[in-house]
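Before any comments, here is the structure.
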Amino acid sequence: MFIGKYNRSVIVTYLGVLSTMVGMCCIFGFATPKITAAIICLMISGICDMFDGKVARMCKNRTAEDIEYGIQIDSLTDMISFIAFPIVILYGISAYFDIALSPVVAIAVCTAFTIAGISRLAFFNLKASSEDGPVKYYSGLPVTMTAMILPLAYLLRYVLDASLFISIYLGIYALIAFLFVYNFKIKKPKKNWWYVTCTVLAIVMSIVLIWLKVK
């Protein structure tokens, strides 16, 4: 009846999209952006992205088309959750502190961040279709790492002057853009250890951010 696939193999991916949309609404839907809530939503999206492949592989009756659809929808979701959403958060932070970003610098950094991110995703979509066997190393920084790096960097707002913090935070976006496409090797972590570490870190970070917000 409907175009697309909506079975168990992609449900976690769609939950990640839901978290991203909630996070964007936390920025756009209030007179004062809810930055803490948006940052937590970014981390939740990252956790969903981490587990969606594991859940999909548990679905034993997946067809070749289901597998290819999962690859494509995961990549498209990454574009929204870990490229577009972080830019929304950046401008939300600027609005929250009522400090305007330099238009020229902000456009340059955000454009570089976006082009580097989508170029990376397109490159590895092509590479995934031609490679066999498990990947042992990442080349460059995976886009999903924004869900870990940006929340950790956001803690700087509690120890730095607002204008200095925003300048540094914008600089981190520029560095991430560079690392997206710079060809260096990162050993792929063991999945079980990585799943546990990232999940615990996201929970601890969420508690810390909420505590800092309400104290």
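Chain labels A, B, ... are given in the sequence in which chains occur in the structure tokens; within each chain residues are numbered consecutively from 1, and ligands are likewise numbered from 1 in the order shown.
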Could you find all residues in range 36-212 of chain A that DSSP calls strand (DSSP E or B) from the backbone, and write them as a ChimeraX atom specification?
-> /A:137-139,185-187
Can you pull out every residue within 8 Å of range 21-35 of chain A, counting only C-alpha atoms, but drop anything in the same chain fewer than 5 positions away, and send it as a PyMOL selection string?
-> chain A and resi 40-42+85+88-89+92-93+95-96
Counting only C-alpha atoms, what is within 7 Å of Tyr138 in chain A, bar same-chain residues fewer than 2 positions away, as a PyMOL selection string?
-> chain A and resi 140+185-188
Please save C-alpha atoms of the selected residues as an mmCIF file, in the first residue's frame.
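The file below, result06.cif, is the result:
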data_model
loop_
_atom_site.group_PDB
_atom_site.id
_atom_site.type_symbol
_atom_site.label_atom_id
_atom_site.label_comp_id
_atom_site.auth_asym_id
_atom_site.auth_seq_id
_atom_site.Cartn_x
_atom_site.Cartn_y
_atom_site.Cartn_z
ATOM 1 C CA GLY A 140 38.419 9.244 8.566
ATOM 2 C CA LYS A 185 42.797 5.094 9.957
ATOM 3 C CA ILE A 186 40.703 4.439 13.057
ATOM 4 C CA LYS A 187 40.526 0.870 14.269
ATOM 5 C CA LYS A 188 36.917 -0.225 14.435
#
Which polymer residues have any atom within 9 Å of an atom of Ala174 in chain A, counting only C-alpha atoms, with same-chain residues fewer than 5 positions away left out, as an MDAnalysis selection string?
-> chainID A and resid 108:110 112:113 169 179
Output C-alpha atoms for every residue in that selection, as a compact mmCIF listing (two decimals), in the first residue's frame.
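Result saved to part01.txt:
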# COMPACT_ATOMS: atom_id res chain seq x y z
CA ALA A 108 31.80 28.70 5.38
CA VAL A 109 32.07 26.30 8.32
CA CYS A 110 28.55 24.89 7.98
CA ALA A 112 32.29 22.65 4.73
CA PHE A 113 30.72 20.51 7.47
CA TYR A 169 32.32 25.30 19.34
CA LEU A 179 38.34 14.83 9.93
Write out as a PyMOL selection string each polymer residue whose atoms come within 10 Å of range 11-20 of chain A, counting only C-alpha atoms; drop sequence neighbours fewer than 3 positions from it.
-> chain A and resi 5-8+23-26+38-56+70+73-74+76-78+80-82+84-86
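Distances here use only C-alpha atoms; by that measure, the residue among A:Leu160, A:Val196, A:Ala106, A:Val10 closest to Cys59 in chain A is A:Val10.
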What are the DSSP helix (DSSP H, G or I) residues of chain A, as a PyMOL selection string?
-> chain A and resi 8-28+35-57+64-97+103-130+143-158+162-181+191-214
Which neighbours of Pro189 in chain A fall inside 10 Å, counting only C-alpha atoms, when residues of the same chain fewer than 6 positions from it are skipped, and could you give them as a PyMOL selection string?
-> chain A and resi 136-138+195
Selected residues written out, C-alpha atoms, as a tab-separated table (two decimals), in the first residue's frame:
chain	number	residue	atom	x	y	z
A	136	LYS	CA	38.36	-3.58	10.44
A	137	TYR	CA	39.26	0.11	10.12
A	138	TYR	CA	37.41	3.36	9.55
A	195	TYR	CA	27.83	-0.58	22.49
For Lys213 in chain A, list every protein, DNA or RNA residue within 8 Å, evaluated using only C-alpha atoms, and leave out those in the same chain fewer than 3 positions away; present the list as a PyMOL selection string.
-> chain A and resi 36+209-210
Tell me which of A:Cys198, A:Ile176, A:Leu141, A:Val181 sits closest to Phe123 in chain A, counting only C-alpha atoms.
-> A:Val181
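For the atom pair formed by CA of Glu68 in chain A and CA of Asn125 in chain A, the distance is 10.3 Å, given to one decimal.
The closest residue to Val159 in chain A, picked from A:Ala37, A:Lys60, A:Ile87, A:Leu212 and counting only C-alpha atoms, is A:Leu212.
CA of Leu152 in chain A to CA of Ala122 in chain A spans 27.1 Å [interatomic distance, one decimal].
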